[in-house]
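Shown below: coords.txt, with compact mmCIF, C-alpha atoms.
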```txt
# COMPACT_ATOMS: atom_id res chain seq x y z
CA MET A 1 -27.43 -11.64 -29.97
CA PRO A 2 -24.84 -9.54 -28.06
CA SER A 3 -21.87 -8.26 -30.04
CA ARG A 4 -18.33 -9.53 -29.56
CA SER A 5 -17.39 -6.35 -27.66
CA GLN A 6 -20.46 -6.63 -25.40
CA ILE A 7 -19.55 -10.21 -24.55
CA ARG A 8 -15.99 -9.17 -23.81
CA ARG A 9 -17.10 -6.30 -21.54
CA ARG A 10 -19.31 -8.70 -19.60
CA ARG A 11 -16.37 -11.06 -19.23
CA ILE A 12 -14.20 -8.23 -17.92
CA THR A 13 -16.82 -7.29 -15.32
CA ALA A 14 -17.18 -10.88 -14.18
CA LEU A 15 -13.42 -11.31 -14.19
CA LEU A 16 -12.83 -8.34 -11.89
CA VAL A 17 -15.17 -9.86 -9.33
CA LEU A 18 -13.38 -13.20 -9.52
CA VAL A 19 -9.96 -11.57 -9.39
CA ALA A 20 -10.88 -9.91 -6.10
CA ALA A 21 -11.52 -13.37 -4.71
CA ALA A 22 -8.28 -14.61 -6.21
CA ALA A 23 -6.32 -12.27 -3.96
CA THR A 24 -7.18 -14.53 -1.06
CA VAL A 25 -6.92 -17.70 -3.17
CA ALA A 26 -10.43 -18.62 -2.02
CA PHE A 27 -11.43 -19.79 -5.48
CA LEU A 28 -9.08 -22.78 -5.21
CA VAL A 29 -11.72 -24.68 -3.27
CA PHE A 30 -13.99 -24.53 -6.30
CA GLY A 31 -12.03 -27.32 -7.93
CA LEU A 32 -9.24 -25.98 -10.13
CA PRO A 33 -6.98 -28.76 -11.45
CA GLY A 34 -5.06 -30.19 -8.55
CA GLY A 35 -7.33 -28.47 -6.03
CA GLY A 36 -8.80 -31.61 -4.46
CA ASP A 37 -12.51 -32.40 -4.18
CA ASP A 38 -14.94 -30.52 -6.38
CA ARG A 39 -16.93 -28.48 -3.85
CA ARG A 40 -18.78 -26.28 -6.29
CA SER A 41 -22.50 -25.91 -5.93
CA VAL A 42 -24.53 -26.18 -9.10
CA ASP A 43 -24.92 -22.39 -9.07
CA THR A 44 -21.19 -21.58 -8.90
CA PRO A 45 -19.55 -21.21 -12.32
CA PRO A 46 -15.94 -22.29 -12.72
CA PRO A 47 -13.29 -19.56 -12.90
CA PRO A 48 -12.80 -18.24 -16.45
CA PRO A 49 -9.77 -19.62 -18.30
CA GLU A 50 -8.06 -16.21 -18.15
CA LEU A 51 -8.03 -16.35 -14.36
CA VAL A 52 -6.81 -19.95 -14.36
CA ALA A 53 -3.97 -19.01 -16.74
CA ALA A 54 -3.07 -15.96 -14.68
CA THR A 55 -3.00 -17.94 -11.45
CA GLY A 56 -0.73 -20.57 -12.93
CA TYR A 57 1.63 -18.01 -14.40
CA CYS A 58 1.85 -15.95 -11.22
CA ASP A 59 2.19 -18.98 -8.93
CA THR A 60 5.11 -20.23 -11.01
CA ALA A 61 6.72 -16.79 -11.00
CA ALA A 62 6.29 -16.46 -7.24
CA ALA A 63 7.85 -19.87 -6.64
CA ASP A 64 10.55 -20.06 -9.30
CA ASP A 65 11.05 -16.80 -11.18
CA PRO A 66 11.03 -13.56 -9.16
CA ASP A 67 12.21 -11.71 -12.26
CA ARG A 68 8.87 -12.39 -13.93
CA LEU A 69 6.87 -11.63 -10.80
CA ALA A 70 8.54 -8.23 -10.49
CA GLY A 71 8.39 -7.71 -14.24
CA SER A 72 4.61 -8.18 -14.22
CA MET A 73 4.42 -4.73 -12.61
CA LEU A 74 6.48 -2.70 -15.10
CA ILE A 75 5.28 -0.60 -18.04
CA VAL A 76 8.09 1.17 -19.92
CA ARG A 77 8.54 3.76 -22.64
CA TRP A 78 8.64 2.63 -26.28
CA ASN A 79 8.82 4.64 -29.50
CA GLY A 80 7.33 1.95 -31.73
CA ALA A 81 10.58 0.96 -33.45
CA ARG A 82 12.23 -2.44 -33.16
CA SER A 83 14.38 -2.58 -30.04
CA LYS A 84 16.63 -5.42 -28.88
CA LEU A 85 16.19 -4.26 -25.30
CA ILE A 86 12.38 -4.36 -25.49
CA ASP A 87 12.45 -7.69 -27.34
CA ARG A 88 14.63 -9.22 -24.64
CA ALA A 89 12.39 -7.91 -21.87
CA VAL A 90 9.30 -9.35 -23.59
CA ARG A 91 10.88 -12.77 -24.15
CA ARG A 92 11.92 -13.01 -20.50
CA GLY A 93 8.71 -11.59 -19.07
CA LEU A 94 10.57 -8.67 -17.50
CA ILE A 95 7.88 -6.09 -18.37
CA ALA A 96 4.10 -6.06 -18.33
CA GLY A 97 4.04 -3.81 -21.35
CA VAL A 98 4.88 -0.47 -22.90
CA ILE A 99 3.63 3.10 -23.10
CA VAL A 100 3.84 4.33 -26.69
CA PHE A 101 5.36 7.68 -27.64
CA PRO A 102 5.33 7.10 -31.41
CA GLU A 103 8.32 8.00 -33.52
CA VAL A 104 7.39 5.73 -36.44
CA ASP A 105 4.58 5.67 -38.98
CA ASN A 106 1.39 3.83 -38.17
CA ALA A 107 2.10 0.89 -40.46
CA THR A 108 5.41 0.24 -38.68
CA LEU A 109 3.83 0.62 -35.25
CA THR A 110 1.03 -1.80 -36.13
CA SER A 111 3.53 -4.35 -37.39
CA GLU A 112 5.76 -3.99 -34.34
CA THR A 113 2.97 -4.26 -31.77
CA ALA A 114 1.80 -7.46 -33.46
CA ARG A 115 5.36 -8.78 -33.52
CA LEU A 116 5.86 -8.06 -29.81
CA GLN A 117 2.63 -9.88 -28.99
CA ARG A 118 3.86 -12.87 -30.99
CA LEU A 119 7.14 -12.80 -29.05
CA ALA A 120 5.20 -12.84 -25.79
CA GLU A 121 3.08 -15.76 -26.94
CA GLU A 122 6.11 -17.73 -28.11
CA ALA A 123 7.80 -17.10 -24.76
CA GLY A 124 4.77 -18.29 -22.79
CA THR A 125 4.26 -14.88 -21.21
CA PRO A 126 0.89 -13.08 -21.01
CA PRO A 127 -0.25 -10.67 -23.72
CA LEU A 128 1.42 -7.29 -23.39
CA VAL A 129 -0.11 -4.05 -22.22
CA VAL A 130 0.36 -1.62 -25.11
CA SER A 131 -0.72 1.75 -23.75
CA THR A 132 -0.69 5.43 -24.60
CA ASP A 133 -2.12 8.83 -23.61
CA GLN A 134 -4.84 9.75 -26.10
CA GLU A 135 -7.08 12.13 -24.16
CA GLY A 136 -7.80 14.73 -26.81
CA GLY A 137 -6.80 18.37 -26.88
CA SER A 138 -3.33 19.07 -25.52
CA VAL A 139 -2.56 15.41 -24.69
CA LYS A 140 -2.66 13.35 -27.88
CA ARG A 141 0.27 11.07 -28.70
CA PHE A 142 -1.31 10.70 -32.14
CA PRO A 143 -2.09 14.33 -33.05
CA ASP A 144 -4.10 13.57 -36.19
CA ALA A 145 -6.20 10.84 -34.59
CA PRO A 146 -9.44 10.95 -32.60
CA PRO A 147 -10.79 12.39 -30.45
CA SER A 148 -11.37 15.10 -33.01
CA VAL A 149 -12.69 17.48 -30.34
CA SER A 150 -11.17 17.85 -26.87
CA PRO A 151 -13.20 16.98 -23.76
CA ARG A 152 -13.13 20.62 -22.66
CA GLU A 153 -14.36 21.88 -26.05
CA MET A 154 -17.22 19.40 -26.02
CA ALA A 155 -18.02 20.28 -22.41
CA ASP A 156 -18.05 24.00 -23.13
CA ALA A 157 -20.36 23.38 -26.09
CA GLY A 158 -22.75 21.42 -23.89
CA ALA A 159 -22.45 18.23 -25.93
CA PRO A 160 -24.65 15.34 -24.74
CA ALA A 161 -23.08 12.26 -23.18
CA ARG A 162 -23.61 10.24 -26.37
CA GLU A 163 -21.15 12.52 -28.20
CA PHE A 164 -18.48 11.77 -25.63
CA ARG A 165 -19.11 8.07 -26.09
CA THR A 166 -18.88 8.49 -29.86
CA GLN A 167 -15.50 10.21 -29.47
CA GLY A 168 -14.34 7.46 -27.11
CA ARG A 169 -15.45 4.77 -29.55
CA ALA A 170 -13.61 6.42 -32.45
CA THR A 171 -10.50 6.85 -30.31
CA GLY A 172 -10.60 3.22 -29.22
CA ARG A 173 -11.09 1.97 -32.76
CA TYR A 174 -8.08 3.95 -33.96
CA LEU A 175 -5.87 2.71 -31.12
CA ALA A 176 -7.02 -0.90 -31.39
CA ASP A 177 -6.18 -0.95 -35.08
CA LEU A 178 -2.60 -0.06 -34.10
CA GLY A 179 -2.48 -2.84 -31.50
CA ILE A 180 -2.86 -0.44 -28.56
CA ASN A 181 -5.09 -1.88 -25.86
CA VAL A 182 -4.92 0.63 -22.97
CA ASP A 183 -5.66 4.36 -23.09
CA TYR A 184 -4.74 6.50 -20.08
CA ALA A 185 -8.02 8.36 -20.30
CA PRO A 186 -10.45 9.74 -19.27
CA VAL A 187 -9.22 12.52 -16.99
CA LEU A 188 -11.74 12.60 -14.12
CA ASP A 189 -10.15 15.53 -12.29
CA VAL A 190 -12.68 18.20 -11.32
CA PRO A 191 -10.85 21.54 -11.61
CA ALA A 192 -11.51 24.06 -8.88
CA ASP A 193 -10.83 27.04 -11.17
CA PRO A 194 -9.28 27.89 -14.57
CA ASP A 195 -5.80 27.93 -13.01
CA ALA A 196 -6.01 24.20 -12.26
CA LEU A 197 -3.47 22.07 -14.12
CA THR A 198 -6.11 19.91 -15.77
CA TRP A 199 -8.64 22.63 -16.60
CA SER A 200 -8.07 22.36 -20.35
CA ARG A 201 -8.08 18.54 -20.20
CA SER A 202 -11.20 18.13 -18.08
CA PHE A 203 -14.79 17.22 -18.96
CA GLY A 204 -16.08 20.29 -17.13
CA ASP A 205 -15.92 21.84 -13.68
CA ASP A 206 -18.95 20.13 -12.13
CA THR A 207 -18.50 16.71 -10.55
CA ARG A 208 -21.68 15.26 -11.97
CA GLN A 209 -20.87 16.46 -15.49
CA VAL A 210 -17.28 15.23 -15.32
CA SER A 211 -18.46 11.83 -14.14
CA ARG A 212 -21.21 11.45 -16.74
CA ARG A 213 -19.13 12.69 -19.67
CA GLY A 214 -15.88 11.02 -18.68
CA LEU A 215 -17.51 7.65 -18.13
CA ALA A 216 -19.31 7.96 -21.46
CA PHE A 217 -15.90 8.41 -23.11
CA ALA A 218 -14.63 5.38 -21.16
CA ARG A 219 -17.55 3.28 -22.37
CA GLY A 220 -16.74 4.31 -25.91
CA LEU A 221 -13.19 3.05 -25.48
CA GLY A 222 -14.63 -0.20 -24.11
CA ASP A 223 -16.92 -0.50 -27.13
CA SER A 224 -13.72 -0.73 -29.18
CA GLU A 225 -12.10 -3.20 -26.76
CA VAL A 226 -9.60 -0.72 -25.34
CA ILE A 227 -9.11 -0.51 -21.57
CA ALA A 228 -10.01 2.90 -20.15
CA THR A 229 -7.97 4.31 -17.27
CA ALA A 230 -9.50 7.01 -15.08
CA LYS A 231 -6.97 9.53 -13.77
CA HIS A 232 -5.51 11.16 -11.62
CA PHE A 233 -6.73 9.65 -8.33
CA PRO A 234 -7.71 11.18 -5.93
CA GLY A 235 -7.97 14.24 -8.21
CA LEU A 236 -5.67 17.01 -9.45
CA GLY A 237 -8.32 19.70 -9.58
CA GLN A 238 -6.86 21.65 -6.64
CA THR A 239 -3.43 22.47 -8.08
CA GLY A 240 -1.95 24.40 -10.98
CA ILE A 241 1.44 22.68 -10.67
CA ASN A 242 2.51 20.19 -13.32
CA THR A 243 3.68 17.10 -11.39
CA ASP A 244 5.51 15.88 -14.48
CA LEU A 245 7.99 18.67 -13.75
CA GLU A 246 7.95 19.38 -10.01
CA ALA A 247 6.47 18.45 -6.66
CA ALA A 248 2.97 19.57 -5.78
CA THR A 249 1.33 19.65 -2.35
CA ILE A 250 -2.45 19.96 -2.11
CA THR A 251 -3.56 21.28 1.30
CA ALA A 252 -7.30 21.00 0.73
CA ASP A 253 -9.15 19.28 3.55
CA ARG A 254 -11.08 16.06 3.07
CA THR A 255 -14.35 17.88 2.45
CA GLU A 256 -12.75 19.98 -0.28
CA LEU A 257 -11.26 16.86 -1.87
CA GLU A 258 -14.63 15.13 -1.99
CA ALA A 259 -15.71 16.84 -5.22
CA GLY A 260 -12.82 15.16 -7.00
CA LEU A 261 -13.23 11.87 -5.19
CA ALA A 262 -16.90 11.63 -6.13
CA ALA A 263 -16.08 11.23 -9.82
CA PHE A 264 -13.81 8.29 -9.01
CA ARG A 265 -16.47 6.77 -6.78
CA ASP A 266 -18.78 6.84 -9.80
CA ALA A 267 -16.07 5.27 -11.96
CA VAL A 268 -15.59 2.43 -9.49
CA ALA A 269 -19.33 1.85 -9.31
CA ALA A 270 -19.48 1.80 -13.12
CA GLY A 271 -16.81 -0.92 -13.31
CA ILE A 272 -13.89 1.09 -14.71
CA PRO A 273 -11.12 -1.49 -15.32
CA SER A 274 -8.14 0.71 -14.43
CA ILE A 275 -7.35 3.83 -12.37
CA MET A 276 -4.15 5.90 -12.32
CA THR A 277 -2.86 7.40 -9.08
CA ALA A 278 -1.55 10.98 -8.93
CA ASN A 279 1.95 12.13 -8.02
CA ALA A 280 0.82 15.04 -5.81
CA ILE A 281 0.90 15.04 -2.01
CA TYR A 282 -2.51 15.39 -0.33
CA THR A 283 -1.91 16.50 3.24
CA ALA A 284 -5.42 15.51 4.36
CA LEU A 285 -4.74 11.93 3.24
CA ASP A 286 -0.99 11.51 3.77
CA PRO A 287 1.10 14.53 4.78
CA GLN A 288 4.39 13.03 3.59
CA LEU A 289 4.06 10.71 0.60
CA PRO A 290 2.74 11.48 -2.89
CA ALA A 291 -0.51 9.65 -3.56
CA SER A 292 1.17 7.20 -5.95
CA LEU A 293 3.57 6.12 -3.16
CA SER A 294 1.09 6.21 -0.29
CA PRO A 295 -0.48 3.05 1.19
CA ALA A 296 -3.08 5.28 2.84
CA VAL A 297 -4.24 6.55 -0.56
CA VAL A 298 -3.76 3.51 -2.81
CA THR A 299 -4.69 0.65 -0.49
CA GLY A 300 -6.61 2.43 2.25
CA LEU A 301 -8.70 4.85 0.20
CA LEU A 302 -8.92 3.44 -3.33
CA ARG A 303 -8.94 -0.28 -2.54
CA GLY A 304 -10.47 -0.10 0.93
CA GLU A 305 -12.91 2.81 1.14
CA LEU A 306 -13.90 2.98 -2.54
CA GLY A 307 -13.75 -0.80 -3.01
CA PHE A 308 -11.89 -0.73 -6.33
CA GLU A 309 -11.03 -4.21 -7.61
CA GLY A 310 -9.43 -3.40 -10.96
CA ALA A 311 -5.87 -2.55 -12.00
CA ILE A 312 -4.15 0.42 -10.34
CA VAL A 313 -1.35 2.07 -12.31
CA SER A 314 0.95 4.73 -10.90
CA ASP A 315 1.50 7.98 -12.71
CA ASP A 316 4.97 8.27 -14.23
CA LEU A 317 7.57 7.32 -11.63
CA GLY A 318 10.14 9.27 -13.62
CA ALA A 319 8.19 12.51 -13.21
CA GLY A 320 9.76 15.51 -11.51
CA ALA A 321 7.42 15.24 -8.52
CA ILE A 322 8.96 11.84 -7.76
CA THR A 323 12.58 12.18 -8.90
CA SER A 324 12.99 15.45 -6.98
CA ALA A 325 12.59 13.57 -3.69
CA TYR A 326 13.20 9.86 -4.30
CA ARG A 327 15.82 7.68 -5.92
CA PRO A 328 14.44 5.43 -8.70
CA ALA A 329 14.87 2.22 -6.69
CA GLU A 330 13.25 3.77 -3.62
CA ALA A 331 10.28 5.10 -5.57
CA ALA A 332 9.68 1.74 -7.27
CA VAL A 333 9.57 -0.16 -3.99
CA LEU A 334 7.37 2.47 -2.33
CA ALA A 335 4.93 2.45 -5.26
CA ALA A 336 4.68 -1.34 -5.21
CA ALA A 337 4.31 -1.45 -1.42
CA ALA A 338 1.58 1.21 -1.60
CA GLY A 339 -0.56 -1.16 -3.67
CA ASN A 340 -0.09 -0.08 -7.29
CA ASP A 341 -0.37 -3.04 -9.67
CA TRP A 342 1.50 -1.44 -12.56
CA LEU A 343 4.44 0.93 -12.20
CA LEU A 344 4.60 3.36 -15.12
CA TYR A 345 7.90 4.58 -16.59
CA ALA A 346 7.10 7.09 -19.31
CA ASN A 347 10.68 8.32 -19.63
CA THR A 348 12.77 5.16 -19.70
CA ASN A 349 12.82 1.55 -20.87
CA THR A 350 15.21 0.49 -18.09
CA PRO A 351 13.17 0.54 -14.86
CA PRO A 352 14.65 -0.54 -11.49
CA LEU A 353 13.76 -4.24 -11.77
CA LYS A 354 16.61 -5.29 -9.48
CA ALA A 355 15.28 -3.11 -6.67
CA LEU A 356 11.89 -4.83 -6.83
CA LYS A 357 13.49 -8.28 -6.84
CA ARG A 358 15.67 -7.35 -3.88
CA ALA A 359 12.68 -5.96 -1.98
CA LEU A 360 10.77 -9.19 -2.58
CA ARG A 361 13.71 -11.29 -1.42
CA GLN A 362 14.28 -9.19 1.70
CA GLY A 363 10.61 -8.98 2.66
CA GLN A 364 10.16 -5.24 2.03
CA LEU A 365 7.42 -6.28 -0.38
CA GLU A 366 4.94 -8.95 0.69
CA LEU A 367 5.10 -11.89 -1.69
CA ASP A 368 1.40 -12.68 -1.36
CA ALA A 369 0.43 -9.09 -2.14
CA ILE A 370 2.62 -8.92 -5.26
CA ARG A 371 1.39 -12.33 -6.39
CA ALA A 372 -2.23 -11.15 -5.96
CA SER A 373 -1.40 -8.05 -7.99
CA CYS A 374 0.10 -10.28 -10.67
CA VAL A 375 -3.03 -12.44 -10.82
CA ARG A 376 -5.27 -9.38 -11.06
CA THR A 377 -3.38 -7.75 -13.91
CA VAL A 378 -2.34 -10.84 -15.84
CA ALA A 379 -5.95 -12.04 -15.86
CA LEU A 380 -6.99 -8.68 -17.31
CA ARG A 381 -4.22 -8.90 -19.91
CA GLU A 382 -5.25 -12.42 -20.87
CA THR A 383 -8.84 -11.26 -21.35
CA VAL A 384 -8.52 -8.04 -23.32
CA ALA A 385 -4.95 -7.45 -24.43
CA ALA A 386 -4.69 -10.00 -27.23
CA THR A 387 -7.07 -8.43 -29.74
CA PRO A 388 -5.08 -8.51 -33.00
CA ALA A 389 -4.25 -5.15 -34.55
CA GLY A 390 -6.51 -4.32 -37.45
CA ASN A 391 -9.25 -6.68 -36.19
CA ASN A 392 -11.60 -4.14 -34.71
CA GLY A 393 -13.89 -3.31 -37.57
```
Give the structure from this file in structure tokens form.
Amino acid sequence: MPSRSQIRRRRITALLVLVAAAATVAFLVFGLPGGGDDRRSVDTPPPPPELVAATGYCDTAAADDPDRLAGSMLIVRWNGARSKLIDRAVRRGLIAGVIVFPEVDNATLTSETARLQRLAEEAGTPPLVVSTDQEGGSVKRFPDAPPSVSPREMADAGAPAREFRTQGRATGRYLADLGINVDYAPVLDVPADPDALTWSRSFGDDTRQVSRRGLAFARGLGDSEVIATAKHFPGLGQTGINTDLEAATITADRTELEAGLAAFRDAVAAGIPSIMTANAIYTALDPQLPASLSPAVVTGLLRGELGFEGAIVSDDLGAGAITSAYRPAEAAVLAAAAGNDWLLYANTNTPPLKALKRALRQGQLELDAIRASCVRTVALRETVAATPAGNNG
């Protein structure tokens, strides 16, 4: 008999396929309540309840509550302590979730994540995304937690793929016990040389190795019912500049970018549930806009050419690469229009919600596109984000 986590992973895979269809509302003819005649063939299963719930929630938001529709895109900073501002946002559905930079002990964090999920349930809003960066090595929000060995150290030691999965599983178990359900890992950047920004955070410097090892780590996270997020699309292996601090322009041609893109192609083929877009400019793809703000990169390349159907999350929209050139409201609207499903704010808990609402009202953002994004991400949240803290053993 398959385990609970195996069943859940299968449901996620099936859900992503159905969510792609939901973007065009084609599944309505299959006979959802109120959908008219039942036209299903005997071989067509009904949509899973998570997708039905997501559709209802997002349809209501699109029709009656633009605050919630815009809020379904926002992930904001949280230190783990009780916050009236975060509580209010959860009760009103004004955020999709939080990114945790812990400033409290684990017992407090576990209690607070569970309390926030209860608030969401009581308010009739979807389960919250509770996310963090737990890569290993230099990027560990929980320094004493797994992974006990960094991806680069394991890569340099020639560890087999099963060891990367073991580290991913241990990391996921630790996070899930705290109530964290999304890890912004693995890094699938393929560094061109040791001066690359992500050299020390990478799974090696060969595309095939990075893909095999990184996806093994991602599967380990999935074993523990934590959503893996591959980053930083389309690859930061060609720059030594830290986009958290300043703008970076990558002038590599499309052929040179392909080594990095190949790892993400493998991730899409493997069914990775989430991918993070980078804040660098790639002149071969879009000579003006950072990847996270570029329709050519997010919708054209990732959605279109690579065929990704999961959740797309921007890199931090408060990063120096973005704030050095764009006002917060402008960046939020550009990121949403580019096709990101979640807009990440790692430096603030007060994102530009009003700008998104205004853009929806004025037609700068297409209502159908944002509604489809809402369905895609809320369905994922309904499926995997409600695992109770401490229930992962």
Quiz item: Between A:Ala145, A:Ala336, A:Ile75, A:Ile86, which one has atoms that come closest to Leu119 in chain A, using all atoms listed in the file?
Solution: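 Ranking A:Ala145, A:Ala336, A:Ile75, A:Ile86 by distance to Leu119 in chain A, first place goes to A:Ile86.
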Quiz item: How many Å lie between CA of Arg303 in chain A and CA of Glu330 in chain A, rounded to one decimal?
Solution: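 Taking CA of Arg303 in chain A and CA of Glu330 in chain A, their separation equals 22.6 Å.
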Self-check item: Protein, DNA and RNA residues within 10 Å of (11.5, -1.5, -3.8), all atoms listed in the file, as number ranges by chain
Solution: A: 70, 328-337, 352-360, 362-365
Quiz prompt | For Leu343 in chain A: contacts at 6 Å, all atoms listed in the file, fewer than 3 positions along chain excluded, given as a PyMOL selection string | solution = chain A and resi 73-74+313-314
May I have the protein, DNA and RNA residues with any atom at most 8 Å from the point (-0.4, -14.5, -13.1), counting all atoms listed in the file, written as a PDB file with C-alpha atoms, keeping the file's coordinate frame?
```pdb
ATOM      1  CA  LEU A  51      -8.030 -16.350 -14.360  1.00  0.00           C
ATOM      2  CA  ALA A  53      -3.970 -19.010 -16.740  1.00  0.00           C
ATOM      3  CA  ALA A  54      -3.070 -15.960 -14.680  1.00  0.00           C
ATOM      4  CA  THR A  55      -3.000 -17.940 -11.450  1.00  0.00           C
ATOM      5  CA  GLY A  56      -0.730 -20.570 -12.930  1.00  0.00           C
ATOM      6  CA  TYR A  57       1.630 -18.010 -14.400  1.00  0.00           C
ATOM      7  CA  CYS A  58       1.850 -15.950 -11.220  1.00  0.00           C
ATOM      8  CA  ASP A  59       2.190 -18.980  -8.930  1.00  0.00           C
ATOM      9  CA  ALA A  61       6.720 -16.790 -11.000  1.00  0.00           C
ATOM     10  CA  ARG A 371       1.390 -12.330  -6.390  1.00  0.00           C
ATOM     11  CA  CYS A 374       0.100 -10.280 -10.670  1.00  0.00           C
ATOM     12  CA  VAL A 375      -3.030 -12.440 -10.820  1.00  0.00           C
ATOM     13  CA  ARG A 376      -5.270  -9.380 -11.060  1.00  0.00           C
ATOM     14  CA  THR A 377      -3.380  -7.750 -13.910  1.00  0.00           C
ATOM     15  CA  VAL A 378      -2.340 -10.840 -15.840  1.00  0.00           C
ATOM     16  CA  ALA A 379      -5.950 -12.040 -15.860  1.00  0.00           C
TER      17      ALA A 379
END
```
Give me, as an mmCIF file with C-alpha atoms, keeping the file's coordinate frame, all polymer residues having an atom no more than 6 Å from range 171-177 of chain A, counting all atoms listed in the file and skipping those fewer than 2 positions away in the same chain.
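around_9.cif written:
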```cif
data_model
loop_
_atom_site.group_PDB
_atom_site.id
_atom_site.type_symbol
_atom_site.label_atom_id
_atom_site.label_comp_id
_atom_site.auth_asym_id
_atom_site.auth_seq_id
_atom_site.Cartn_x
_atom_site.Cartn_y
_atom_site.Cartn_z
ATOM 1 C CA PRO A 146 -9.440 10.950 -32.600
ATOM 2 C CA PRO A 147 -10.790 12.390 -30.450
ATOM 3 C CA GLY A 168 -14.340 7.460 -27.110
ATOM 4 C CA ARG A 169 -15.450 4.770 -29.550
ATOM 5 C CA GLY A 179 -2.480 -2.840 -31.500
ATOM 6 C CA ILE A 180 -2.860 -0.440 -28.560
ATOM 7 C CA ASN A 181 -5.090 -1.880 -25.860
ATOM 8 C CA LEU A 221 -13.190 3.050 -25.480
ATOM 9 C CA SER A 224 -13.720 -0.730 -29.180
ATOM 10 C CA VAL A 226 -9.600 -0.720 -25.340
ATOM 11 C CA ALA A 389 -4.250 -5.150 -34.550
ATOM 12 C CA GLY A 390 -6.510 -4.320 -37.450
#
```
Range 245-248 of chain A, all listed atoms, 8 Å padding on each side: what axis-aligned box centre and edge lengths in Å to one decimal come out, as AutoDock Vina command-line options?
```
--center_x 5.5 --center_y 19.0 --center_z -9.8 --size_x 21.0 --size_y 17.1 --size_z 24.0
```
Quiz item: What does the distance from CA of Glu225 in chain A to CA of Ala372 in chain A come to in Å, to one decimal?
Solution: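 CA of Glu225 in chain A sits 24.4 Å away from CA of Ala372 in chain A.
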Quiz item: Rounded to one decimal in Å, what is the spacing between CA of Ala346 in chain A and CA of Gly71 in chain A?
Solution: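 Interatomic distance here is 15.7 Å.
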Exercise. Rank nothing, just name the residue among A:Val210, A:Ile227, A:Ala218, A:Ala270 nearest to Met154 in chain A, using only C-alpha atoms.
Key: A:Val210
Quiz prompt | Using all atoms listed in the file: which of A:Ile99, A:Ala216, A:Val187, A:Ala247 has the shortest distance to Gln167 in chain A | solution =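 Checking each candidate against Gln167 in chain A, we get A:Ala216 as the closest.
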Self-check item: Test item: residues at most 12 Å from Thr323 in chain A, all atoms listed in the file, excluding those fewer than 3 positions along its chain, as number ranges by chain
Solution: A: 243-247, 279, 290, 316-320, 326-332, 345, 347
Quiz prompt | Nearest to Ile370 in chain A, chosen from A:Gln134, A:Ser274, A:Arg68, A:Ala230, with only C-alpha atoms counted in the distances | solution =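 Among A:Gln134, A:Ser274, A:Arg68, A:Ala230, it is A:Arg68 that comes nearest to Ile370 in chain A.
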Quiz prompt | For Val98 in chain A: contacts at 7 Å, all atoms listed in the file, fewer than 4 positions along chain excluded, given as a list in words | solution =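 Result of the neighbour search: Ile75, Val76, Arg77, Trp78, Val129, Val130 and Ser131 of chain A.
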